[in-house]
>>> print(open('query_30.cif').read())   # mmCIF, N, CA and C atoms
data_run
#
loop_
_atom_site.label_atom_id
_atom_site.label_comp_id
_atom_site.auth_asym_id
_atom_site.auth_seq_id
_atom_site.Cartn_x
_atom_site.Cartn_y
_atom_site.Cartn_z
N MET O 827 15.72 -11.26 -1.71
CA MET O 827 14.55 -10.42 -1.70
C MET O 827 13.75 -10.68 -2.97
N GLU O 828 12.44 -10.83 -2.80
CA GLU O 828 11.56 -11.14 -3.92
C GLU O 828 10.24 -10.38 -3.72
N ILE O 829 9.68 -9.87 -4.81
CA ILE O 829 8.37 -9.22 -4.76
C ILE O 829 7.43 -9.98 -5.67
N ARG O 830 6.33 -10.44 -5.08
CA ARG O 830 5.30 -11.17 -5.84
C ARG O 830 4.04 -11.23 -4.99
N ALA O 831 2.98 -11.70 -5.60
CA ALA O 831 1.74 -11.91 -4.85
C ALA O 831 1.90 -13.15 -3.98
N PRO O 832 1.25 -13.18 -2.85
CA PRO O 832 1.25 -14.41 -2.05
C PRO O 832 0.64 -15.56 -2.87
N LYS O 833 1.11 -16.77 -2.61
CA LYS O 833 0.62 -17.93 -3.36
C LYS O 833 -0.09 -18.95 -2.48
N THR O 834 0.47 -19.25 -1.34
CA THR O 834 -0.08 -20.29 -0.48
C THR O 834 -1.03 -19.69 0.56
N ASP O 835 -1.83 -20.54 1.17
CA ASP O 835 -2.71 -20.07 2.24
C ASP O 835 -1.90 -19.42 3.36
N GLN O 836 -0.75 -19.99 3.67
CA GLN O 836 0.11 -19.45 4.73
C GLN O 836 0.63 -18.06 4.35
N GLU O 837 1.02 -17.88 3.09
CA GLU O 837 1.49 -16.56 2.64
C GLU O 837 0.36 -15.53 2.66
N TRP O 838 -0.84 -15.93 2.23
CA TRP O 838 -1.97 -15.00 2.28
C TRP O 838 -2.29 -14.61 3.71
N GLU O 839 -2.20 -15.57 4.63
CA GLU O 839 -2.44 -15.27 6.03
C GLU O 839 -1.41 -14.27 6.56
N ALA O 840 -0.15 -14.46 6.20
CA ALA O 840 0.91 -13.54 6.62
C ALA O 840 0.69 -12.15 6.01
N TYR O 841 0.26 -12.12 4.77
CA TYR O 841 -0.01 -10.86 4.06
C TYR O 841 -1.09 -10.06 4.80
N TYR O 842 -2.23 -10.70 5.05
CA TYR O 842 -3.32 -10.00 5.73
C TYR O 842 -3.00 -9.71 7.20
N ASN O 843 -2.22 -10.57 7.83
CA ASN O 843 -1.81 -10.29 9.21
C ASN O 843 -0.95 -9.04 9.29
N LEU O 844 -0.04 -8.86 8.34
CA LEU O 844 0.79 -7.66 8.33
C LEU O 844 -0.08 -6.43 8.07
N ARG O 845 -0.99 -6.54 7.14
CA ARG O 845 -1.91 -5.43 6.84
C ARG O 845 -2.69 -5.04 8.10
N TYR O 846 -3.20 -6.03 8.81
CA TYR O 846 -3.94 -5.75 10.03
C TYR O 846 -3.05 -5.13 11.10
N LYS O 847 -1.91 -5.74 11.33
CA LYS O 847 -0.99 -5.30 12.39
C LYS O 847 -0.58 -3.84 12.24
N ILE O 848 -0.28 -3.44 11.00
CA ILE O 848 0.24 -2.09 10.76
C ILE O 848 -0.87 -1.07 10.53
N LEU O 849 -1.93 -1.45 9.83
CA LEU O 849 -2.92 -0.47 9.39
C LEU O 849 -4.23 -0.45 10.18
N ARG O 850 -4.55 -1.50 10.90
CA ARG O 850 -5.83 -1.54 11.60
C ARG O 850 -5.70 -1.69 13.12
N ALA O 851 -4.84 -2.57 13.58
CA ALA O 851 -4.71 -2.78 15.03
C ALA O 851 -4.40 -1.50 15.80
N PRO O 852 -3.50 -0.62 15.30
CA PRO O 852 -3.23 0.62 16.04
C PRO O 852 -4.44 1.54 16.17
N LEU O 853 -5.44 1.32 15.33
CA LEU O 853 -6.66 2.13 15.36
C LEU O 853 -7.80 1.40 16.06
N ASN O 854 -7.45 0.32 16.75
CA ASN O 854 -8.42 -0.48 17.52
C ASN O 854 -9.57 -1.00 16.67
N GLN O 855 -9.25 -1.40 15.45
CA GLN O 855 -10.27 -1.94 14.55
C GLN O 855 -10.27 -3.47 14.64
N PRO O 856 -11.40 -4.09 14.37
CA PRO O 856 -11.50 -5.54 14.49
C PRO O 856 -10.77 -6.28 13.37
N ILE O 857 -10.36 -7.49 13.67
CA ILE O 857 -9.80 -8.35 12.62
C ILE O 857 -10.87 -8.53 11.56
N GLY O 858 -10.48 -8.44 10.32
CA GLY O 858 -11.40 -8.48 9.19
C GLY O 858 -11.52 -7.12 8.54
N SER O 859 -11.26 -6.05 9.32
CA SER O 859 -11.35 -4.69 8.77
C SER O 859 -10.21 -4.40 7.80
N GLU O 860 -9.20 -5.25 7.78
CA GLU O 860 -8.06 -5.06 6.87
C GLU O 860 -8.36 -5.56 5.46
N ARG O 861 -9.52 -6.13 5.27
CA ARG O 861 -9.90 -6.69 3.96
C ARG O 861 -11.08 -5.91 3.38
N ASN O 862 -11.16 -5.90 2.05
CA ASN O 862 -12.35 -5.33 1.41
C ASN O 862 -12.56 -5.99 0.05
N ASP O 863 -13.65 -5.63 -0.61
CA ASP O 863 -14.00 -6.28 -1.88
C ASP O 863 -12.94 -6.10 -2.96
N GLY O 864 -12.17 -5.01 -2.88
CA GLY O 864 -11.12 -4.78 -3.87
C GLY O 864 -10.02 -5.83 -3.84
N ASP O 865 -9.95 -6.61 -2.77
CA ASP O 865 -8.94 -7.66 -2.70
C ASP O 865 -9.15 -8.72 -3.77
N LEU O 866 -10.38 -8.83 -4.26
CA LEU O 866 -10.68 -9.82 -5.30
C LEU O 866 -10.16 -9.40 -6.67
N THR O 867 -10.06 -8.09 -6.91
CA THR O 867 -9.67 -7.60 -8.24
C THR O 867 -8.33 -6.88 -8.26
N GLY O 868 -7.82 -6.48 -7.10
CA GLY O 868 -6.56 -5.75 -7.05
C GLY O 868 -5.36 -6.65 -7.30
N GLN O 869 -4.25 -6.03 -7.64
CA GLN O 869 -3.00 -6.74 -7.83
C GLN O 869 -2.19 -6.62 -6.53
N HIS O 870 -1.86 -7.74 -5.94
CA HIS O 870 -1.22 -7.76 -4.63
C HIS O 870 0.30 -7.89 -4.77
N PHE O 871 1.00 -7.15 -3.91
CA PHE O 871 2.45 -7.15 -3.87
C PHE O 871 2.91 -7.49 -2.46
N ALA O 872 3.80 -8.45 -2.36
CA ALA O 872 4.39 -8.79 -1.07
C ALA O 872 5.90 -8.86 -1.26
N LEU O 873 6.62 -8.17 -0.40
CA LEU O 873 8.08 -8.19 -0.41
C LEU O 873 8.52 -9.26 0.57
N PHE O 874 9.16 -10.29 0.03
CA PHE O 874 9.65 -11.39 0.85
C PHE O 874 11.13 -11.16 1.14
N THR O 875 11.48 -11.14 2.41
CA THR O 875 12.86 -11.01 2.85
C THR O 875 13.18 -12.23 3.70
N GLU O 876 14.13 -13.02 3.22
CA GLU O 876 14.49 -14.27 3.90
C GLU O 876 13.25 -15.12 4.17
N GLY O 877 12.36 -15.20 3.17
CA GLY O 877 11.18 -16.04 3.25
C GLY O 877 10.01 -15.46 4.04
N ARG O 878 10.17 -14.25 4.57
CA ARG O 878 9.14 -13.62 5.40
C ARG O 878 8.60 -12.39 4.69
N ILE O 879 7.29 -12.17 4.76
CA ILE O 879 6.69 -10.97 4.17
C ILE O 879 6.99 -9.78 5.06
N THR O 880 7.68 -8.78 4.49
CA THR O 880 8.09 -7.62 5.27
C THR O 880 7.44 -6.32 4.81
N ALA O 881 6.85 -6.30 3.61
CA ALA O 881 6.16 -5.11 3.10
C ALA O 881 5.10 -5.58 2.12
N ILE O 882 4.02 -4.81 2.05
CA ILE O 882 2.90 -5.17 1.18
C ILE O 882 2.27 -3.93 0.57
N ALA O 883 1.52 -4.15 -0.51
CA ALA O 883 0.73 -3.10 -1.14
C ALA O 883 -0.27 -3.76 -2.08
N ARG O 884 -1.31 -3.01 -2.42
CA ARG O 884 -2.27 -3.48 -3.42
C ARG O 884 -2.44 -2.39 -4.46
N LEU O 885 -2.46 -2.79 -5.72
CA LEU O 885 -2.63 -1.87 -6.84
C LEU O 885 -4.01 -2.09 -7.44
N ASP O 886 -4.79 -1.01 -7.53
CA ASP O 886 -6.12 -1.04 -8.12
C ASP O 886 -6.15 -0.14 -9.35
N GLN O 887 -7.03 -0.46 -10.30
CA GLN O 887 -7.26 0.43 -11.43
C GLN O 887 -8.35 1.39 -11.00
N SER O 888 -8.04 2.67 -10.96
CA SER O 888 -9.00 3.68 -10.50
C SER O 888 -9.92 4.13 -11.63
N GLU O 889 -9.31 4.45 -12.74
CA GLU O 889 -10.03 4.87 -13.95
C GLU O 889 -9.07 4.70 -15.10
N ALA O 890 -9.50 4.98 -16.32
CA ALA O 890 -8.63 4.81 -17.47
C ALA O 890 -7.35 5.63 -17.30
N GLY O 891 -6.21 4.96 -17.36
CA GLY O 891 -4.92 5.64 -17.27
C GLY O 891 -4.47 5.97 -15.86
N VAL O 892 -5.28 5.64 -14.86
CA VAL O 892 -4.96 6.01 -13.48
C VAL O 892 -5.08 4.78 -12.57
N SER O 893 -4.02 4.51 -11.85
CA SER O 893 -4.06 3.43 -10.86
C SER O 893 -4.03 4.04 -9.47
N GLN O 894 -4.39 3.21 -8.49
CA GLN O 894 -4.36 3.65 -7.10
C GLN O 894 -3.67 2.57 -6.28
N VAL O 895 -2.71 3.00 -5.47
CA VAL O 895 -2.06 2.07 -4.55
C VAL O 895 -2.76 2.20 -3.20
N ARG O 896 -3.01 1.05 -2.58
CA ARG O 896 -3.72 1.02 -1.31
C ARG O 896 -3.05 0.03 -0.37
N PHE O 897 -3.34 0.16 0.90
CA PHE O 897 -2.88 -0.79 1.91
C PHE O 897 -1.36 -1.00 1.89
N VAL O 898 -0.61 0.07 1.77
CA VAL O 898 0.85 -0.01 1.82
C VAL O 898 1.25 -0.16 3.29
N ALA O 899 2.03 -1.19 3.58
CA ALA O 899 2.46 -1.42 4.96
C ALA O 899 3.84 -2.07 4.97
N VAL O 900 4.64 -1.65 5.92
CA VAL O 900 5.96 -2.22 6.15
C VAL O 900 6.01 -2.67 7.60
N ASP O 901 6.54 -3.86 7.82
CA ASP O 901 6.67 -4.38 9.18
C ASP O 901 7.35 -3.33 10.05
N ASP O 902 6.74 -3.01 11.18
CA ASP O 902 7.27 -1.92 12.02
C ASP O 902 8.68 -2.20 12.54
N ALA O 903 9.09 -3.45 12.58
CA ALA O 903 10.44 -3.78 13.06
C ALA O 903 11.52 -3.34 12.07
N ILE O 904 11.13 -3.08 10.81
CA ILE O 904 12.14 -2.69 9.81
C ILE O 904 11.79 -1.41 9.07
N GLN O 905 10.86 -0.64 9.58
CA GLN O 905 10.52 0.63 8.92
C GLN O 905 11.73 1.55 8.92
N GLY O 906 11.83 2.36 7.87
CA GLY O 906 12.93 3.30 7.75
C GLY O 906 14.16 2.72 7.08
N LYS O 907 14.05 1.51 6.53
CA LYS O 907 15.21 0.85 5.92
C LYS O 907 15.07 0.67 4.41
N GLY O 908 14.12 1.36 3.80
CA GLY O 908 13.98 1.35 2.35
C GLY O 908 12.99 0.35 1.78
N PHE O 909 12.35 -0.44 2.63
CA PHE O 909 11.42 -1.44 2.12
C PHE O 909 10.14 -0.81 1.57
N GLY O 910 9.71 0.29 2.14
CA GLY O 910 8.55 1.00 1.62
C GLY O 910 8.81 1.53 0.22
N ARG O 911 9.99 2.08 0.03
CA ARG O 911 10.38 2.57 -1.30
C ARG O 911 10.39 1.41 -2.31
N ILE O 912 10.92 0.28 -1.91
CA ILE O 912 11.01 -0.87 -2.80
C ILE O 912 9.62 -1.35 -3.22
N ILE O 913 8.70 -1.47 -2.28
CA ILE O 913 7.36 -1.95 -2.63
C ILE O 913 6.62 -0.92 -3.48
N MET O 914 6.84 0.37 -3.21
CA MET O 914 6.20 1.41 -4.03
C MET O 914 6.75 1.42 -5.45
N GLU O 915 8.05 1.25 -5.59
CA GLU O 915 8.64 1.20 -6.94
C GLU O 915 8.08 0.02 -7.73
N ALA O 916 7.84 -1.09 -7.07
CA ALA O 916 7.25 -2.26 -7.75
C ALA O 916 5.83 -1.97 -8.22
N THR O 917 5.04 -1.29 -7.39
CA THR O 917 3.67 -0.97 -7.81
C THR O 917 3.67 0.04 -8.96
N GLU O 918 4.59 0.99 -8.91
CA GLU O 918 4.67 1.98 -9.99
C GLU O 918 5.08 1.32 -11.31
N LYS O 919 6.03 0.41 -11.27
CA LYS O 919 6.45 -0.31 -12.48
C LYS O 919 5.27 -1.08 -13.07
N ALA O 920 4.52 -1.76 -12.22
CA ALA O 920 3.36 -2.52 -12.69
C ALA O 920 2.30 -1.59 -13.27
N SER O 921 2.10 -0.44 -12.65
CA SER O 921 1.12 0.53 -13.14
C SER O 921 1.50 1.03 -14.53
N ILE O 922 2.77 1.36 -14.70
CA ILE O 922 3.25 1.84 -16.00
C ILE O 922 3.11 0.74 -17.05
N LYS O 923 3.45 -0.50 -16.68
CA LYS O 923 3.35 -1.63 -17.60
C LYS O 923 1.90 -1.84 -18.05
N GLN O 924 0.94 -1.49 -17.19
CA GLN O 924 -0.48 -1.62 -17.53
C GLN O 924 -0.96 -0.45 -18.40
N GLY O 925 -0.08 0.51 -18.68
CA GLY O 925 -0.43 1.62 -19.54
C GLY O 925 -0.95 2.85 -18.82
N ASN O 926 -0.81 2.88 -17.52
CA ASN O 926 -1.26 4.04 -16.75
C ASN O 926 -0.24 5.17 -16.81
N HIS O 927 -0.72 6.39 -16.65
CA HIS O 927 0.16 7.56 -16.66
C HIS O 927 0.18 8.29 -15.32
N LYS O 928 -0.65 7.78 -14.38
CA LYS O 928 -0.72 8.45 -13.08
C LYS O 928 -1.08 7.43 -12.00
N MET O 929 -0.52 7.67 -10.81
CA MET O 929 -0.86 6.88 -9.62
C MET O 929 -1.44 7.84 -8.59
N ILE O 930 -2.53 7.42 -7.96
CA ILE O 930 -3.09 8.20 -6.87
C ILE O 930 -3.04 7.34 -5.60
N LEU O 931 -3.13 8.00 -4.46
CA LEU O 931 -3.19 7.30 -3.19
C LEU O 931 -3.79 8.21 -2.13
N GLN O 932 -4.19 7.60 -1.05
CA GLN O 932 -4.69 8.32 0.12
C GLN O 932 -3.67 8.08 1.23
N ALA O 933 -2.88 9.09 1.55
CA ALA O 933 -1.79 8.95 2.53
C ALA O 933 -2.25 9.35 3.92
N ARG O 934 -1.85 8.55 4.89
CA ARG O 934 -2.06 8.93 6.28
C ARG O 934 -1.20 10.15 6.57
N ASN O 935 -1.65 10.99 7.48
CA ASN O 935 -0.95 12.25 7.73
C ASN O 935 0.54 12.03 8.04
N TYR O 936 0.89 10.98 8.75
CA TYR O 936 2.29 10.74 9.11
C TYR O 936 3.12 10.16 7.96
N ALA O 937 2.47 9.77 6.85
CA ALA O 937 3.19 9.20 5.71
C ALA O 937 3.35 10.17 4.55
N VAL O 938 2.77 11.36 4.64
CA VAL O 938 2.82 12.31 3.54
C VAL O 938 4.26 12.62 3.11
N ASP O 939 5.14 12.89 4.05
CA ASP O 939 6.53 13.22 3.69
C ASP O 939 7.22 12.06 2.98
N PHE O 940 6.93 10.83 3.38
CA PHE O 940 7.49 9.65 2.70
C PHE O 940 7.10 9.68 1.23
N TYR O 941 5.82 9.90 0.94
CA TYR O 941 5.37 9.90 -0.45
C TYR O 941 5.91 11.10 -1.23
N ILE O 942 6.06 12.23 -0.58
CA ILE O 942 6.67 13.39 -1.24
C ILE O 942 8.10 13.05 -1.68
N ARG O 943 8.85 12.36 -0.83
CA ARG O 943 10.22 11.95 -1.18
C ARG O 943 10.23 11.00 -2.38
N LEU O 944 9.12 10.31 -2.62
CA LEU O 944 9.02 9.40 -3.76
C LEU O 944 8.48 10.09 -5.01
N GLY O 945 8.26 11.40 -4.93
CA GLY O 945 7.82 12.15 -6.10
C GLY O 945 6.33 12.42 -6.18
N TYR O 946 5.59 12.11 -5.14
CA TYR O 946 4.15 12.37 -5.12
C TYR O 946 3.88 13.81 -4.72
N THR O 947 2.75 14.32 -5.18
CA THR O 947 2.31 15.67 -4.85
C THR O 947 1.05 15.58 -3.98
N LYS O 948 1.04 16.34 -2.91
CA LYS O 948 -0.14 16.39 -2.05
C LYS O 948 -1.16 17.30 -2.70
N LEU O 949 -2.36 16.78 -2.95
CA LEU O 949 -3.40 17.53 -3.64
C LEU O 949 -4.38 18.19 -2.68
N GLU O 950 -4.88 17.42 -1.72
CA GLU O 950 -5.91 17.96 -0.83
C GLU O 950 -6.10 17.06 0.38
N LYS O 951 -6.64 17.66 1.42
CA LYS O 951 -7.06 16.89 2.59
C LYS O 951 -8.27 16.08 2.16
N SER O 952 -8.29 14.81 2.52
CA SER O 952 -9.43 13.99 2.12
C SER O 952 -10.19 13.50 3.34
N HIS O 953 -10.25 12.23 3.56
CA HIS O 953 -11.12 11.69 4.61
C HIS O 953 -10.40 11.49 5.95
N LEU O 954 -11.21 11.31 6.96
CA LEU O 954 -10.74 11.04 8.31
C LEU O 954 -11.06 9.57 8.58
N LEU O 955 -10.06 8.69 8.50
CA LEU O 955 -10.27 7.26 8.65
C LEU O 955 -10.71 6.93 10.07
N PHE O 956 -11.82 6.22 10.17
CA PHE O 956 -12.39 5.81 11.46
C PHE O 956 -12.59 7.01 12.39
N GLY O 957 -12.74 8.18 11.80
CA GLY O 957 -12.98 9.39 12.57
C GLY O 957 -11.78 9.92 13.33
N VAL O 958 -10.59 9.34 13.10
CA VAL O 958 -9.43 9.75 13.89
C VAL O 958 -8.15 10.01 13.10
N LEU O 959 -8.02 9.46 11.91
CA LEU O 959 -6.74 9.54 11.20
C LEU O 959 -6.89 10.27 9.86
N GLN O 960 -6.34 11.49 9.80
CA GLN O 960 -6.45 12.31 8.60
C GLN O 960 -5.68 11.70 7.43
N HIS O 961 -6.30 11.72 6.26
CA HIS O 961 -5.68 11.27 5.02
C HIS O 961 -5.61 12.43 4.04
N TYR O 962 -4.66 12.32 3.11
CA TYR O 962 -4.47 13.33 2.07
C TYR O 962 -4.40 12.63 0.72
N LYS O 963 -5.12 13.17 -0.25
CA LYS O 963 -5.06 12.64 -1.61
C LYS O 963 -3.74 13.11 -2.22
N MET O 964 -3.02 12.17 -2.81
CA MET O 964 -1.74 12.49 -3.44
C MET O 964 -1.70 11.83 -4.82
N GLU O 965 -0.82 12.33 -5.68
CA GLU O 965 -0.66 11.75 -7.01
C GLU O 965 0.76 11.86 -7.49
N LYS O 966 1.06 10.98 -8.44
CA LYS O 966 2.35 11.02 -9.13
C LYS O 966 2.05 10.77 -10.60
N VAL O 967 2.48 11.69 -11.44
CA VAL O 967 2.29 11.56 -12.89
C VAL O 967 3.60 11.06 -13.48
N TYR O 968 3.48 10.06 -14.34
CA TYR O 968 4.69 9.54 -15.01
C TYR O 968 4.47 9.36 -16.48
#
>>> encode(input="query_30.cif", output="structure tokens")
Amino acid sequence: MEIRAPKTDQEWEAYYNLRYKILRAPLNQPIGSERNDGDLTGQHFALFTEGRITAIARLDQSEAGVSQVRFVAVDDAIQGKGFGRIIMEATEKASIKQGNHKMILQARNYAVDFYIRLGYTKLEKSHLLFGVLQHYKMEKVY
């Protein structure tokens, strides 16, 4: 098991394919909707298991001392086996190493309990993604 940013064109394709498959396809969004301008500046994390990308996340700097994790996804074939926790711990370590004291995120309604188990606090109801999927602003102070 290894966590690092994708390096090759093939790895980047697998990274974005997983992001699309888990986070956009179930919402009937077009290919390409899984990408945004933050991909150019964010820090990318890919969990490689037996040479295959099985979990991903992107870490952005939100403001001074505060980072934001976005696009967290775990291959649906292995969800519930600790890979989400592993990728989140990697993003938190990187955030702390960058000098941040807090991580924020926008959790899908079905993922709120997962983040609570990781020590995050639900702050408020936020946006409705694509008009159908409720998100909640959450934070973890370290």
>>> residues_around(input="query_30.cif", residues="range 862-874 of chain O", least_positions_apart="5", cutoff="9 Å", atoms="only C-alpha atoms", output="PyMOL selection string")
chain O and resi 827-832+841+879-887+909+912-913+916-917
>>> atom_distance(input="query_30.cif", atom1="CA of Asn935 in chain O", atom2="CA of Ile848 in chain O")
14.7 Å
>>> select_by_dssp(input="query_30.cif", residues="chain O", states="alpha helix (DSSP H)", output="PyMOL selection string")
chain O and resi 835-849+909-923+938-943
>>> closest_residue(input="query_30.cif", among="O:Lys833, O:Arg896, O:Lys907, O:Lys951", to="Ile930 in chain O", atoms="only C-alpha atoms")
O:Arg896
>>> closest_residue(input="query_30.cif", among="O:Leu849, O:Ala840, O:Phe940, O:Asn854", to="Gly906 in chain O", atoms="only C-alpha atoms")
O:Phe940
>>> closest_residue(input="query_30.cif", among="O:Asn926, O:Gln932, O:Gln855, O:Gln836", to="Val898 in chain O", atoms="only C-alpha atoms")
O:Gln932
>>> resolve_selection(input="query_30.cif", expression="the PyMOL selection byres ((chain O and resi 929) around 5)", output="list in words")
Ser893, His927, Lys928, Ile930, Leu931, Glu965 and Lys966 of chain O
>>> write_last_selection(input="query_30.cif", atoms="N, CA and C atoms", output="short mmCIF file (atom, residue, chain, number, x, y, z; two decimals), in the coordinates of the input")
data_model
loop_
_atom_site.label_atom_id
_atom_site.label_comp_id
_atom_site.auth_asym_id
_atom_site.auth_seq_id
_atom_site.Cartn_x
_atom_site.Cartn_y
_atom_site.Cartn_z
N SER O 893 -4.02 4.51 -11.85
CA SER O 893 -4.06 3.43 -10.86
C SER O 893 -4.03 4.04 -9.47
N HIS O 927 -0.72 6.39 -16.65
CA HIS O 927 0.16 7.56 -16.66
C HIS O 927 0.18 8.29 -15.32
N LYS O 928 -0.65 7.78 -14.38
CA LYS O 928 -0.72 8.45 -13.08
C LYS O 928 -1.08 7.43 -12.00
N ILE O 930 -2.53 7.42 -7.96
CA ILE O 930 -3.09 8.20 -6.87
C ILE O 930 -3.04 7.34 -5.60
N LEU O 931 -3.13 8.00 -4.46
CA LEU O 931 -3.19 7.30 -3.19
C LEU O 931 -3.79 8.21 -2.13
N GLU O 965 -0.82 12.33 -5.68
CA GLU O 965 -0.66 11.75 -7.01
C GLU O 965 0.76 11.86 -7.49
N LYS O 966 1.06 10.98 -8.44
CA LYS O 966 2.35 11.02 -9.13
C LYS O 966 2.05 10.77 -10.60
#
>>> select_by_dssp(input="query_30.cif", residues="range 847-948 of chain O", states="strand (DSSP E or B)", output="PyMOL selection string")
chain O and resi 869-875+878-889+892-900+928-934+947-948
>>> residues_near_point(input="query_30.cif", point="(-0.9, 9.4, -0.8)", cutoff="8 Å", atoms="all atoms listed in the file", output="list of chain:residue names")
O:Val895, O:Met929, O:Ile930, O:Leu931, O:Gln932, O:Ala933, O:Arg934, O:Ala937, O:Val938, O:Tyr941, O:Ile942, O:Tyr946, O:Thr947, O:Lys948, O:Leu949, O:His961, O:Tyr962, O:Lys963, O:Met964, O:Glu965
>>> atom_distance(input="query_30.cif", atom1="CA of Ser952 in chain O", atom2="CA of Glu889 in chain O")
18.5 Å
>>> atom_distance(input="query_30.cif", atom1="CA of Pro856 in chain O", atom2="atom N of Gly957 in chain O")
14.0 Å
>>> residues_around(input="query_30.cif", residues="Arg845 in chain O", least_positions_apart="6", cutoff="6.5 Å", atoms="only N, CA and C atoms", output="PyMOL selection string")
chain O and resi 851+860+899
>>> write_last_selection(input="query_30.cif", atoms="N, CA and C atoms", output="mmCIF file, in the coordinates of the input")
data_model
loop_
_atom_site.group_PDB
_atom_site.id
_atom_site.type_symbol
_atom_site.label_atom_id
_atom_site.label_comp_id
_atom_site.auth_asym_id
_atom_site.auth_seq_id
_atom_site.Cartn_x
_atom_site.Cartn_y
_atom_site.Cartn_z
ATOM 1 N N ALA O 851 -4.840 -2.570 13.580
ATOM 2 C CA ALA O 851 -4.710 -2.780 15.030
ATOM 3 C C ALA O 851 -4.400 -1.500 15.800
ATOM 4 N N GLU O 860 -9.200 -5.250 7.780
ATOM 5 C CA GLU O 860 -8.060 -5.060 6.870
ATOM 6 C C GLU O 860 -8.360 -5.560 5.460
ATOM 7 N N ALA O 899 2.030 -1.190 3.580
ATOM 8 C CA ALA O 899 2.460 -1.420 4.960
ATOM 9 C C ALA O 899 3.840 -2.070 4.970
#
>>> axis_aligned_box(input="query_30.cif", around="range 833-852 of chain O", padding_each_side="3 Å", output="JSON")
{"center_x": -2.2, "center_y": -9.5, "center_z": 6.4, "size_x": 13.3, "size_y": 28.1, "size_z": 25.5}
>>> residues_around(input="query_30.cif", residues="Tyr846 in chain O", least_positions_apart="6", cutoff="7 Å", atoms="only N, CA and C atoms", output="ChimeraX atom specification")
/O:852,857,859-860
>>> write_last_selection(input="query_30.cif", atoms="N, CA and C atoms", output="mmCIF file, in the frame of the given file")
data_model
loop_
_atom_site.group_PDB
_atom_site.id
_atom_site.type_symbol
_atom_site.label_atom_id
_atom_site.label_comp_id
_atom_site.auth_asym_id
_atom_site.auth_seq_id
_atom_site.Cartn_x
_atom_site.Cartn_y
_atom_site.Cartn_z
ATOM 1 N N PRO O 852 -3.500 -0.620 15.300
ATOM 2 C CA PRO O 852 -3.230 0.620 16.040
ATOM 3 C C PRO O 852 -4.440 1.540 16.170
ATOM 4 N N ILE O 857 -10.360 -7.490 13.670
ATOM 5 C CA ILE O 857 -9.800 -8.350 12.620
ATOM 6 C C ILE O 857 -10.870 -8.530 11.560
ATOM 7 N N SER O 859 -11.260 -6.050 9.320
ATOM 8 C CA SER O 859 -11.350 -4.690 8.770
ATOM 9 C C SER O 859 -10.210 -4.400 7.800
ATOM 10 N N GLU O 860 -9.200 -5.250 7.780
ATOM 11 C CA GLU O 860 -8.060 -5.060 6.870
ATOM 12 C C GLU O 860 -8.360 -5.560 5.460
#
